[in-house]
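Novice: Structure file coords_18.cif (mmCIF, N, CA and C atoms) is given on the next line.
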data_query
loop_
_atom_site.label_atom_id
_atom_site.label_comp_id
_atom_site.auth_asym_id
_atom_site.auth_seq_id
_atom_site.Cartn_x
_atom_site.Cartn_y
_atom_site.Cartn_z
N MET A 535 0.81 -1.19 0.00
CA MET A 535 0.00 0.00 0.00
C MET A 535 0.86 1.26 0.00
N PHE A 536 1.97 1.26 0.71
CA PHE A 536 2.79 2.46 0.81
C PHE A 536 4.07 2.32 0.02
N SER A 537 4.46 3.41 -0.65
CA SER A 537 5.74 3.42 -1.36
C SER A 537 6.85 3.91 -0.45
N HIS A 538 6.50 4.89 0.41
CA HIS A 538 7.49 5.45 1.32
C HIS A 538 6.80 6.18 2.46
N ILE A 539 7.57 6.38 3.51
CA ILE A 539 7.14 7.21 4.64
C ILE A 539 8.26 8.21 4.87
N MET A 540 7.89 9.48 5.01
CA MET A 540 8.88 10.53 5.24
C MET A 540 8.46 11.31 6.48
N VAL A 541 9.42 11.51 7.39
CA VAL A 541 9.16 12.30 8.59
C VAL A 541 10.20 13.41 8.69
N GLY A 542 9.82 14.48 9.34
CA GLY A 542 10.74 15.59 9.54
C GLY A 542 11.70 15.31 10.68
N ALA A 543 12.86 15.93 10.57
CA ALA A 543 13.88 15.83 11.63
C ALA A 543 14.53 17.19 11.80
N ASN A 544 14.88 17.51 13.03
CA ASN A 544 15.59 18.75 13.32
C ASN A 544 17.07 18.51 13.55
N ASP A 545 17.38 17.46 14.27
CA ASP A 545 18.76 17.10 14.57
C ASP A 545 19.08 15.83 13.79
N PHE A 546 19.70 15.99 12.62
CA PHE A 546 19.93 14.84 11.74
C PHE A 546 20.89 13.83 12.36
N ASP A 547 21.88 14.28 13.10
CA ASP A 547 22.81 13.33 13.72
C ASP A 547 22.06 12.45 14.72
N ALA A 548 21.23 13.06 15.57
CA ALA A 548 20.46 12.30 16.57
C ALA A 548 19.46 11.37 15.89
N SER A 549 18.77 11.88 14.88
CA SER A 549 17.77 11.06 14.19
C SER A 549 18.40 9.91 13.43
N ARG A 550 19.51 10.18 12.75
CA ARG A 550 20.19 9.11 12.01
C ARG A 550 20.69 8.03 12.98
N LYS A 551 21.27 8.44 14.10
CA LYS A 551 21.75 7.48 15.10
C LYS A 551 20.58 6.62 15.59
N PHE A 552 19.46 7.26 15.89
CA PHE A 552 18.27 6.55 16.38
C PHE A 552 17.77 5.54 15.35
N TYR A 553 17.55 5.99 14.11
CA TYR A 553 17.00 5.08 13.10
C TYR A 553 17.99 4.00 12.68
N ASP A 554 19.27 4.33 12.55
CA ASP A 554 20.24 3.28 12.24
C ASP A 554 20.22 2.20 13.32
N ALA A 555 20.13 2.60 14.59
CA ALA A 555 20.13 1.63 15.70
C ALA A 555 18.87 0.79 15.72
N THR A 556 17.70 1.42 15.58
CA THR A 556 16.45 0.65 15.64
C THR A 556 16.28 -0.22 14.41
N PHE A 557 16.62 0.32 13.24
CA PHE A 557 16.47 -0.46 12.02
C PHE A 557 17.45 -1.62 11.96
N ALA A 558 18.64 -1.46 12.53
CA ALA A 558 19.60 -2.58 12.56
C ALA A 558 18.99 -3.79 13.27
N GLU A 559 18.19 -3.53 14.30
CA GLU A 559 17.57 -4.62 15.06
C GLU A 559 16.51 -5.37 14.27
N ILE A 560 16.01 -4.77 13.19
CA ILE A 560 15.00 -5.46 12.37
C ILE A 560 15.53 -5.73 10.96
N GLY A 561 16.86 -5.74 10.84
CA GLY A 561 17.50 -6.19 9.62
C GLY A 561 17.61 -5.18 8.49
N ILE A 562 17.54 -3.89 8.80
CA ILE A 562 17.63 -2.86 7.77
C ILE A 562 19.00 -2.19 7.85
N LYS A 563 19.63 -2.04 6.70
CA LYS A 563 20.97 -1.45 6.62
C LYS A 563 20.95 0.04 6.96
N PRO A 564 22.11 0.62 7.34
CA PRO A 564 22.18 2.05 7.68
C PRO A 564 21.67 2.94 6.55
N GLY A 565 21.17 4.11 6.96
CA GLY A 565 20.63 5.06 6.01
C GLY A 565 21.70 5.67 5.12
N VAL A 566 21.26 6.15 3.96
CA VAL A 566 22.13 6.76 2.97
C VAL A 566 21.60 8.16 2.67
N ALA A 567 22.49 9.16 2.70
CA ALA A 567 22.09 10.55 2.44
C ALA A 567 22.11 10.83 0.95
N ASP A 568 21.16 11.66 0.50
CA ASP A 568 21.17 12.13 -0.88
C ASP A 568 21.80 13.53 -0.92
N PRO A 569 21.98 14.11 -2.12
CA PRO A 569 22.61 15.43 -2.22
C PRO A 569 21.86 16.55 -1.48
N LEU A 570 20.57 16.35 -1.20
CA LEU A 570 19.79 17.36 -0.47
C LEU A 570 19.89 17.19 1.04
N GLY A 571 20.58 16.14 1.48
CA GLY A 571 20.74 15.90 2.91
C GLY A 571 19.69 15.01 3.52
N ARG A 572 18.71 14.58 2.75
CA ARG A 572 17.71 13.64 3.27
C ARG A 572 18.39 12.29 3.47
N ILE A 573 17.89 11.51 4.42
CA ILE A 573 18.49 10.20 4.67
C ILE A 573 17.44 9.13 4.39
N PHE A 574 17.84 8.13 3.59
CA PHE A 574 16.94 7.08 3.11
C PHE A 574 17.36 5.72 3.66
N TRP A 575 16.37 4.96 4.13
CA TRP A 575 16.54 3.55 4.47
C TRP A 575 15.66 2.79 3.48
N VAL A 576 16.28 2.04 2.59
CA VAL A 576 15.57 1.38 1.49
C VAL A 576 15.47 -0.12 1.76
N THR A 577 14.26 -0.65 1.61
CA THR A 577 14.02 -2.09 1.76
C THR A 577 13.23 -2.59 0.56
N ASP A 578 13.04 -3.88 0.47
CA ASP A 578 12.23 -4.46 -0.60
C ASP A 578 10.76 -4.07 -0.47
N SER A 579 10.33 -3.70 0.73
CA SER A 579 8.91 -3.42 0.94
C SER A 579 8.60 -1.93 1.06
N GLY A 580 9.58 -1.06 0.94
CA GLY A 580 9.31 0.37 1.01
C GLY A 580 10.54 1.15 1.44
N VAL A 581 10.35 2.45 1.52
CA VAL A 581 11.44 3.38 1.84
C VAL A 581 11.01 4.27 3.00
N PHE A 582 11.93 4.48 3.95
CA PHE A 582 11.70 5.40 5.06
C PHE A 582 12.71 6.53 4.92
N VAL A 583 12.26 7.78 5.09
CA VAL A 583 13.11 8.94 4.85
C VAL A 583 12.96 9.95 5.98
N ILE A 584 14.08 10.56 6.38
CA ILE A 584 14.00 11.75 7.24
C ILE A 584 14.47 12.94 6.43
N THR A 585 13.84 14.09 6.70
CA THR A 585 14.13 15.30 5.93
C THR A 585 13.89 16.54 6.78
N LYS A 586 14.51 17.63 6.39
CA LYS A 586 14.15 18.93 6.94
C LYS A 586 12.83 19.31 6.27
N PRO A 587 11.87 19.86 7.01
CA PRO A 587 10.61 20.26 6.37
C PRO A 587 10.86 21.28 5.25
N ILE A 588 10.17 21.08 4.15
CA ILE A 588 10.36 21.91 2.97
C ILE A 588 9.95 23.37 3.19
N ASP A 589 9.06 23.61 4.17
CA ASP A 589 8.61 24.97 4.43
C ASP A 589 9.58 25.77 5.30
N GLY A 590 10.68 25.13 5.73
CA GLY A 590 11.68 25.82 6.53
C GLY A 590 11.37 25.90 8.01
N ARG A 591 10.21 25.49 8.42
CA ARG A 591 9.84 25.49 9.84
C ARG A 591 10.46 24.27 10.52
N PRO A 592 10.53 24.28 11.86
CA PRO A 592 11.04 23.11 12.57
C PRO A 592 10.12 21.89 12.36
N ALA A 593 10.72 20.72 12.36
CA ALA A 593 9.95 19.48 12.28
C ALA A 593 9.17 19.30 13.57
N SER A 594 8.00 18.72 13.46
CA SER A 594 7.21 18.38 14.64
C SER A 594 6.46 17.08 14.35
N HIS A 595 6.07 16.40 15.40
CA HIS A 595 5.38 15.12 15.22
C HIS A 595 3.89 15.34 14.94
N GLY A 596 3.28 14.35 14.33
CA GLY A 596 1.85 14.39 14.07
C GLY A 596 1.09 13.92 15.30
N ASN A 597 0.22 14.75 15.84
CA ASN A 597 -0.57 14.37 17.00
C ASN A 597 -1.59 13.32 16.58
N GLY A 598 -1.50 12.14 17.15
CA GLY A 598 -2.38 11.03 16.80
C GLY A 598 -1.80 10.11 15.74
N ALA A 599 -0.64 10.46 15.20
CA ALA A 599 -0.02 9.65 14.16
C ALA A 599 0.93 8.63 14.78
N THR A 600 0.95 7.42 14.21
CA THR A 600 1.91 6.39 14.61
C THR A 600 2.39 5.70 13.34
N ILE A 601 3.68 5.44 13.27
CA ILE A 601 4.26 4.68 12.17
C ILE A 601 4.64 3.32 12.73
N GLY A 602 4.11 2.26 12.13
CA GLY A 602 4.36 0.90 12.63
C GLY A 602 5.32 0.13 11.75
N PHE A 603 6.22 -0.60 12.38
CA PHE A 603 7.19 -1.45 11.69
C PHE A 603 6.95 -2.89 12.09
N SER A 604 6.89 -3.78 11.10
CA SER A 604 6.72 -5.21 11.37
C SER A 604 8.02 -5.80 11.88
N VAL A 605 7.91 -6.67 12.87
CA VAL A 605 9.06 -7.41 13.37
C VAL A 605 8.73 -8.90 13.32
N GLU A 606 9.77 -9.72 13.42
CA GLU A 606 9.58 -11.17 13.26
C GLU A 606 9.32 -11.91 14.56
N SER A 607 9.61 -11.28 15.71
CA SER A 607 9.44 -11.98 16.98
C SER A 607 9.31 -10.95 18.11
N SER A 608 8.85 -11.43 19.27
CA SER A 608 8.79 -10.55 20.44
C SER A 608 10.20 -10.16 20.87
N GLU A 609 11.16 -11.06 20.70
CA GLU A 609 12.55 -10.75 21.04
C GLU A 609 13.09 -9.62 20.16
N GLN A 610 12.77 -9.66 18.88
CA GLN A 610 13.21 -8.61 17.97
C GLN A 610 12.53 -7.29 18.32
N CYS A 611 11.28 -7.36 18.73
CA CYS A 611 10.55 -6.17 19.17
C CYS A 611 11.23 -5.55 20.39
N ASP A 612 11.58 -6.37 21.36
CA ASP A 612 12.26 -5.89 22.56
C ASP A 612 13.62 -5.29 22.22
N ALA A 613 14.36 -5.92 21.31
CA ALA A 613 15.67 -5.41 20.90
C ALA A 613 15.53 -4.08 20.19
N TRP A 614 14.52 -3.94 19.34
CA TRP A 614 14.23 -2.68 18.64
C TRP A 614 13.98 -1.57 19.67
N HIS A 615 13.16 -1.86 20.66
CA HIS A 615 12.82 -0.88 21.69
C HIS A 615 14.06 -0.49 22.49
N ALA A 616 14.83 -1.47 22.93
CA ALA A 616 16.04 -1.20 23.72
C ALA A 616 17.04 -0.37 22.91
N ALA A 617 17.22 -0.72 21.64
CA ALA A 617 18.15 0.04 20.78
C ALA A 617 17.69 1.48 20.62
N GLY A 618 16.39 1.68 20.50
CA GLY A 618 15.85 3.03 20.36
C GLY A 618 16.07 3.88 21.59
N VAL A 619 15.82 3.31 22.76
CA VAL A 619 16.04 4.05 24.01
C VAL A 619 17.53 4.37 24.17
N ALA A 620 18.39 3.39 23.86
CA ALA A 620 19.84 3.60 23.98
C ALA A 620 20.35 4.64 22.99
N ALA A 621 19.64 4.82 21.87
CA ALA A 621 20.08 5.74 20.82
C ALA A 621 19.35 7.09 20.88
N GLY A 622 18.75 7.41 22.03
CA GLY A 622 18.16 8.73 22.20
C GLY A 622 16.67 8.82 22.04
N GLY A 623 16.00 7.70 21.81
CA GLY A 623 14.55 7.71 21.74
C GLY A 623 13.94 7.66 23.13
N THR A 624 12.63 7.83 23.18
CA THR A 624 11.91 7.83 24.45
C THR A 624 10.81 6.77 24.41
N SER A 625 10.78 5.91 25.40
CA SER A 625 9.71 4.93 25.50
C SER A 625 8.40 5.66 25.77
N CYS A 626 7.33 5.20 25.15
CA CYS A 626 6.01 5.79 25.41
C CYS A 626 4.97 4.68 25.43
N GLU A 627 3.78 5.03 25.83
CA GLU A 627 2.70 4.07 26.01
C GLU A 627 3.08 3.09 27.12
N ASP A 628 2.51 1.90 27.10
CA ASP A 628 2.85 0.87 28.07
C ASP A 628 4.18 0.23 27.69
N PRO A 629 4.83 -0.47 28.62
CA PRO A 629 6.08 -1.17 28.28
C PRO A 629 5.82 -2.18 27.17
N PRO A 630 6.88 -2.59 26.44
CA PRO A 630 6.71 -3.60 25.42
C PRO A 630 6.02 -4.84 25.99
N GLY A 631 5.11 -5.42 25.21
CA GLY A 631 4.43 -6.61 25.68
C GLY A 631 3.27 -7.01 24.78
N GLU A 632 2.60 -8.07 25.19
CA GLU A 632 1.47 -8.61 24.44
C GLU A 632 0.21 -7.79 24.73
N ARG A 633 -0.58 -7.57 23.69
CA ARG A 633 -1.84 -6.84 23.81
C ARG A 633 -2.93 -7.64 23.11
N PRO A 634 -4.16 -7.53 23.61
CA PRO A 634 -5.26 -8.20 22.90
C PRO A 634 -5.57 -7.46 21.60
N ASP A 635 -6.03 -8.20 20.62
CA ASP A 635 -6.47 -7.59 19.36
C ASP A 635 -7.83 -6.96 19.62
N PRO A 636 -7.99 -5.65 19.40
CA PRO A 636 -9.27 -5.00 19.66
C PRO A 636 -10.39 -5.50 18.74
N LEU A 637 -10.03 -6.18 17.65
CA LEU A 637 -11.04 -6.72 16.75
C LEU A 637 -11.32 -8.19 17.02
N GLY A 638 -10.76 -8.73 18.12
CA GLY A 638 -11.06 -10.09 18.53
C GLY A 638 -10.18 -11.17 17.97
N GLY A 639 -9.15 -10.82 17.23
CA GLY A 639 -8.24 -11.83 16.68
C GLY A 639 -7.20 -12.24 17.70
N ASN A 640 -6.15 -12.86 17.21
CA ASN A 640 -5.06 -13.28 18.08
C ASN A 640 -4.37 -12.06 18.68
N PRO A 641 -3.85 -12.20 19.89
CA PRO A 641 -3.11 -11.08 20.48
C PRO A 641 -1.84 -10.80 19.68
N TYR A 642 -1.29 -9.64 19.89
CA TYR A 642 -0.04 -9.28 19.22
C TYR A 642 0.93 -8.71 20.23
N TYR A 643 2.19 -8.63 19.86
CA TYR A 643 3.25 -8.13 20.72
C TYR A 643 3.75 -6.83 20.11
N LEU A 644 3.89 -5.79 20.95
CA LEU A 644 4.32 -4.51 20.40
C LEU A 644 5.10 -3.68 21.40
N ALA A 645 5.76 -2.66 20.87
CA ALA A 645 6.51 -1.69 21.68
C ALA A 645 6.40 -0.33 20.99
N TYR A 646 6.37 0.72 21.80
CA TYR A 646 6.27 2.08 21.28
C TYR A 646 7.49 2.90 21.68
N LEU A 647 7.89 3.79 20.77
CA LEU A 647 8.97 4.75 21.01
C LEU A 647 8.60 6.09 20.38
N ARG A 648 9.23 7.15 20.86
CA ARG A 648 9.25 8.43 20.16
C ARG A 648 10.67 8.66 19.71
N ASP A 649 10.84 9.09 18.46
CA ASP A 649 12.17 9.38 17.93
C ASP A 649 12.64 10.75 18.45
N PRO A 650 13.85 11.18 18.13
CA PRO A 650 14.33 12.47 18.65
C PRO A 650 13.49 13.69 18.26
N ALA A 651 12.70 13.61 17.18
CA ALA A 651 11.82 14.71 16.79
C ALA A 651 10.42 14.56 17.37
N GLY A 652 10.18 13.48 18.12
CA GLY A 652 8.87 13.27 18.74
C GLY A 652 7.91 12.41 17.94
N ASN A 653 8.33 11.90 16.78
CA ASN A 653 7.45 11.02 15.99
C ASN A 653 7.21 9.72 16.75
N LYS A 654 5.95 9.29 16.78
CA LYS A 654 5.58 8.07 17.50
C LYS A 654 5.72 6.86 16.57
N LEU A 655 6.45 5.86 17.06
CA LEU A 655 6.75 4.65 16.30
C LEU A 655 6.30 3.43 17.07
N CYS A 656 6.04 2.36 16.34
CA CYS A 656 5.64 1.10 16.95
C CYS A 656 6.32 -0.04 16.22
N ALA A 657 6.81 -1.01 16.96
CA ALA A 657 7.25 -2.28 16.39
C ALA A 657 6.19 -3.30 16.79
N LEU A 658 5.73 -4.11 15.83
CA LEU A 658 4.61 -4.99 16.09
C LEU A 658 4.82 -6.36 15.45
N LYS A 659 4.56 -7.38 16.25
CA LYS A 659 4.59 -8.77 15.78
C LYS A 659 3.17 -9.32 15.93
N HIS A 660 2.54 -9.62 14.79
CA HIS A 660 1.23 -10.27 14.82
C HIS A 660 1.40 -11.71 15.27
N ARG A 661 0.51 -12.21 16.07
CA ARG A 661 0.59 -13.59 16.55
C ARG A 661 -0.23 -14.48 15.65
#
Show the structure stored in the file as C-alpha cells.

Specialist:
Amino acid sequence: MFSHIMVGANDFDASRKFYDATFAEIGIKPGVADPLGRIFWVTDSGVFVITKPIDGRPASHGNGATIGFSVESSEQCDAWHAAGVAAGGTSCEDPPGERPDPLGGNPYYLAYLRDPAGNKLCALKHR
C-alpha cells in the first residue's frame, strides 16, 4: 500500500543514530544521504526517509499519528525498543508486551517509542 514514509527531523545526527540503531535490530541497513541531505533507508517493501521540512519550519510530530514497523518476533521487538532508548529515543505508552487484538483476533506483541523529533513509532509482531 505504501511506497514510502517521510518524517521531519531537526537534529539529523540524533535522528540518524536513532534510526540506524532501531532499524539494525530489524534487519535494515544504515541510512544513505542524498545530495539534499535527506536520509533514506531502502528495503524491498518500502522506503523510510528523514528530511528537513520543505517549508523551513522546525519538524514536529503528528498528533495522533503512529508509524508501525513489522518485526519477526517478540525478542526482535524488545531489541528494537532497547536500541531506540539507547540511541536517544523515548519509551512511550505501556512497556513492550502482548496486547489483545481489539477486533477479537489473536493477540499481538508490540513496543512504542518516540524518535528524537517526537514522531511516535511502533514495532509490532502479529501472533

Novice: Residue by residue, what does the PyMOL selection byres ((chain A and resi 653) around 7) grab here? Present the result as a list in words.

Specialist: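 For this structure, the PyMOL selection byres ((chain A and resi 653) around 7) captures Ser594, His595, Gly596, Ala599, Thr600, Ile601, Leu647, Arg648, Asp649, Pro650, Ala651, Gly652, Lys654 and Leu655 of chain A.
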
Novice: Report as a list in words the residues that result from applying the PyMOL selection byres ((chain A and resi 541-546) around 5) to the structure here.

Specialist: Ile539, Met540, Asp547, Ala548, Ser549, Arg550, Val583, Ile584, Thr585, Lys586 and Ala593 of chain A

Novice: Assuming the chain letters and numbering stay as they are in my file, what does the PyMOL selection byres (((chain A and resi 628-633 and name CA) around 8) and name CA) actually select? List them as a PyMOL selection string.

Specialist: chain A and resi 608+611-612+615+625-627+634-635+641-646

Novice: Report as a VMD selection string: the residues of chain A with a DSSP assignment of strand (DSSP E), based on the backbone of this structure.

Specialist: chain A and resid 538 to 542 566 to 567 573 to 577 580 to 585 601 to 604 624 to 625 631 to 633 642 to 648 654 to 660

Novice: Check the smallest atom-to-atom distance from each of A:Leu658, A:Asp568, A:Ala616, A:Ile560 to A:Gly602 using all atoms listed in the file, then report the winner.

Specialist: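 Smallest separation from A:Gly602 among the options: A:Leu658.
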
Novice: For the atom pair atom N of A:Phe574 and atom C of A:His660, what is the interatomic distance in Å to one decimal place?

Specialist: 28.3 Å

Novice: Can you pull out every residue from stretch 586-616 of chain A that DSSP, working from the backbone, puts in alpha helix (DSSP H), and format the result as a ChimeraX atom specification?

Specialist: /A:608-616

Novice: Interatomic distance between atom C of A:Arg572 and atom N of A:Phe557?

Specialist: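 Computed distance, atom C of A:Arg572 to atom N of A:Phe557, equals 15.6 Å.
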
Novice: For each of A:Asp578, A:Glu606, A:Lys551, A:Ala617, take the minimum atom-to-atom distance to A:Gly565, counting only C-alpha atoms, then give the residue where this is smallest.

Specialist: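 The closest residue to A:Gly565 is A:Lys551.
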
Novice: For A:His538, which residue out of A:Ile588, A:Ala657, A:Val581, A:Ile573 is the nearest one, using only N, CA and C atoms?

Specialist: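 Among the listed residues, A:Val581 lies closest to A:His538.
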
Novice: Let me have the centre and edge lengths in Å, one decimal, of the box along x, y and z around every listed atom of stretch 566-574 of chain A with 8 Å of margin on each side, as lines of an AutoDock Vina configuration file.

Specialist:
center_x = 19.8
center_y = 11.5
center_z = 1.2
size_x = 21.7
size_y = 27.6
size_z = 22.9

Novice: Could I get stretch 558-651 of chain A from the block written as a PDB file, in the first residue's frame, with C-alpha atoms?

Specialist:
ATOM      1  CA  ALA A 558      19.596  -2.582  12.557  1.00  0.00           C
ATOM      2  CA  GLU A 559      17.571  -4.621  15.061  1.00  0.00           C
ATOM      3  CA  ILE A 560      15.004  -5.458  12.373  1.00  0.00           C
ATOM      4  CA  GLY A 561      17.497  -6.189   9.618  1.00  0.00           C
ATOM      5  CA  ILE A 562      17.633  -2.856   7.773  1.00  0.00           C
ATOM      6  CA  LYS A 563      20.973  -1.446   6.621  1.00  0.00           C
ATOM      7  CA  PRO A 564      22.182   2.048   7.676  1.00  0.00           C
ATOM      8  CA  GLY A 565      20.630   5.065   6.010  1.00  0.00           C
ATOM      9  CA  VAL A 566      22.130   6.761   2.967  1.00  0.00           C
ATOM     10  CA  ALA A 567      22.087  10.545   2.442  1.00  0.00           C
ATOM     11  CA  ASP A 568      21.167  12.127  -0.879  1.00  0.00           C
ATOM     12  CA  PRO A 569      22.612  15.434  -2.215  1.00  0.00           C
ATOM     13  CA  LEU A 570      19.791  17.356  -0.474  1.00  0.00           C
ATOM     14  CA  GLY A 571      20.742  15.900   2.911  1.00  0.00           C
ATOM     15  CA  ARG A 572      17.714  13.640   3.273  1.00  0.00           C
ATOM     16  CA  ILE A 573      18.489  10.197   4.674  1.00  0.00           C
ATOM     17  CA  PHE A 574      16.938   7.081   3.110  1.00  0.00           C
ATOM     18  CA  TRP A 575      16.538   3.547   4.468  1.00  0.00           C
ATOM     19  CA  VAL A 576      15.569   1.383   1.494  1.00  0.00           C
ATOM     20  CA  THR A 577      14.022  -2.089   1.765  1.00  0.00           C
ATOM     21  CA  ASP A 578      12.234  -4.458  -0.601  1.00  0.00           C
ATOM     22  CA  SER A 579       8.909  -3.417   0.944  1.00  0.00           C
ATOM     23  CA  GLY A 580       9.311   0.372   1.008  1.00  0.00           C
ATOM     24  CA  VAL A 581      11.441   3.382   1.839  1.00  0.00           C
ATOM     25  CA  PHE A 582      11.700   5.398   5.057  1.00  0.00           C
ATOM     26  CA  VAL A 583      13.111   8.943   4.848  1.00  0.00           C
ATOM     27  CA  ILE A 584      14.002  11.746   7.245  1.00  0.00           C
ATOM     28  CA  THR A 585      14.130  15.296   5.932  1.00  0.00           C
ATOM     29  CA  LYS A 586      14.147  18.934   6.942  1.00  0.00           C
ATOM     30  CA  PRO A 587      10.613  20.262   6.371  1.00  0.00           C
ATOM     31  CA  ILE A 588      10.364  21.907   2.965  1.00  0.00           C
ATOM     32  CA  ASP A 589       8.613  24.973   4.426  1.00  0.00           C
ATOM     33  CA  GLY A 590      11.678  25.820   6.527  1.00  0.00           C
ATOM     34  CA  ARG A 591       9.843  25.492   9.845  1.00  0.00           C
ATOM     35  CA  PRO A 592      11.037  23.107  12.570  1.00  0.00           C
ATOM     36  CA  ALA A 593       9.947  19.481  12.276  1.00  0.00           C
ATOM     37  CA  SER A 594       7.210  18.380  14.643  1.00  0.00           C
ATOM     38  CA  HIS A 595       5.380  15.115  15.224  1.00  0.00           C
ATOM     39  CA  GLY A 596       1.846  14.391  14.074  1.00  0.00           C
ATOM     40  CA  ASN A 597      -0.569  14.374  16.999  1.00  0.00           C
ATOM     41  CA  GLY A 598      -2.381  11.035  16.797  1.00  0.00           C
ATOM     42  CA  ALA A 599      -0.021   9.650  14.162  1.00  0.00           C
ATOM     43  CA  THR A 600       1.907   6.389  14.605  1.00  0.00           C
ATOM     44  CA  ILE A 601       4.256   4.676  12.173  1.00  0.00           C
ATOM     45  CA  GLY A 602       4.359   0.904  12.630  1.00  0.00           C
ATOM     46  CA  PHE A 603       7.186  -1.448  11.691  1.00  0.00           C
ATOM     47  CA  SER A 604       6.717  -5.205  11.369  1.00  0.00           C
ATOM     48  CA  VAL A 605       9.062  -7.414  13.372  1.00  0.00           C
ATOM     49  CA  GLU A 606       9.585 -11.166  13.261  1.00  0.00           C
ATOM     50  CA  SER A 607       9.436 -11.976  16.983  1.00  0.00           C
ATOM     51  CA  SER A 608       8.788 -10.551  20.439  1.00  0.00           C
ATOM     52  CA  GLU A 609      12.547 -10.747  21.044  1.00  0.00           C
ATOM     53  CA  GLN A 610      13.208  -8.608  17.972  1.00  0.00           C
ATOM     54  CA  CYS A 611      10.554  -6.169  19.168  1.00  0.00           C
ATOM     55  CA  ASP A 612      12.259  -5.887  22.558  1.00  0.00           C
ATOM     56  CA  ALA A 613      15.668  -5.414  20.903  1.00  0.00           C
ATOM     57  CA  TRP A 614      14.229  -2.676  18.641  1.00  0.00           C
ATOM     58  CA  HIS A 615      12.818  -0.882  21.689  1.00  0.00           C
ATOM     59  CA  ALA A 616      16.036  -1.199  23.716  1.00  0.00           C
ATOM     60  CA  ALA A 617      18.150   0.038  20.783  1.00  0.00           C
ATOM     61  CA  GLY A 618      15.851   3.030  20.357  1.00  0.00           C
ATOM     62  CA  VAL A 619      16.042   4.050  24.007  1.00  0.00           C
ATOM     63  CA  ALA A 620      19.835   3.599  23.981  1.00  0.00           C
ATOM     64  CA  ALA A 621      20.082   5.744  20.822  1.00  0.00           C
ATOM     65  CA  GLY A 622      18.163   8.733  22.200  1.00  0.00           C
ATOM     66  CA  GLY A 623      14.545   7.707  21.736  1.00  0.00           C
ATOM     67  CA  THR A 624      11.909   7.827  24.448  1.00  0.00           C
ATOM     68  CA  SER A 625       9.710   4.928  25.504  1.00  0.00           C
ATOM     69  CA  CYS A 626       6.015   5.791  25.412  1.00  0.00           C
ATOM     70  CA  GLU A 627       2.698   4.066  26.012  1.00  0.00           C
ATOM     71  CA  ASP A 628       2.850   0.865  28.074  1.00  0.00           C
ATOM     72  CA  PRO A 629       6.080  -1.167  28.276  1.00  0.00           C
ATOM     73  CA  PRO A 630       6.708  -3.603  25.415  1.00  0.00           C
ATOM     74  CA  GLY A 631       4.425  -6.613  25.675  1.00  0.00           C
ATOM     75  CA  GLU A 632       1.466  -8.610  24.441  1.00  0.00           C
ATOM     76  CA  ARG A 633      -1.837  -6.838  23.808  1.00  0.00           C
ATOM     77  CA  PRO A 634      -5.258  -8.200  22.903  1.00  0.00           C
ATOM     78  CA  ASP A 635      -6.466  -7.595  19.364  1.00  0.00           C
ATOM     79  CA  PRO A 636      -9.275  -5.005  19.661  1.00  0.00           C
ATOM     80  CA  LEU A 637     -11.042  -6.718  16.747  1.00  0.00           C
ATOM     81  CA  GLY A 638     -11.064 -10.086  18.534  1.00  0.00           C
ATOM     82  CA  GLY A 639      -8.243 -11.828  16.680  1.00  0.00           C
ATOM     83  CA  ASN A 640      -5.055 -13.281  18.081  1.00  0.00           C
ATOM     84  CA  PRO A 641      -3.107 -11.078  20.478  1.00  0.00           C
ATOM     85  CA  TYR A 642      -0.044  -9.277  19.220  1.00  0.00           C
ATOM     86  CA  TYR A 643       3.247  -8.135  20.720  1.00  0.00           C
ATOM     87  CA  LEU A 644       4.323  -4.505  20.400  1.00  0.00           C
ATOM     88  CA  ALA A 645       6.509  -1.692  21.684  1.00  0.00           C
ATOM     89  CA  TYR A 646       6.271   2.083  21.284  1.00  0.00           C
ATOM     90  CA  LEU A 647       8.966   4.753  21.009  1.00  0.00           C
ATOM     91  CA  ARG A 648       9.247   8.427  20.158  1.00  0.00           C
ATOM     92  CA  ASP A 649      12.172   9.384  17.935  1.00  0.00           C
ATOM     93  CA  PRO A 650      14.333  12.470  18.645  1.00  0.00           C
ATOM     94  CA  ALA A 651      11.819  14.714  16.789  1.00  0.00           C
TER      95      ALA A 651
END
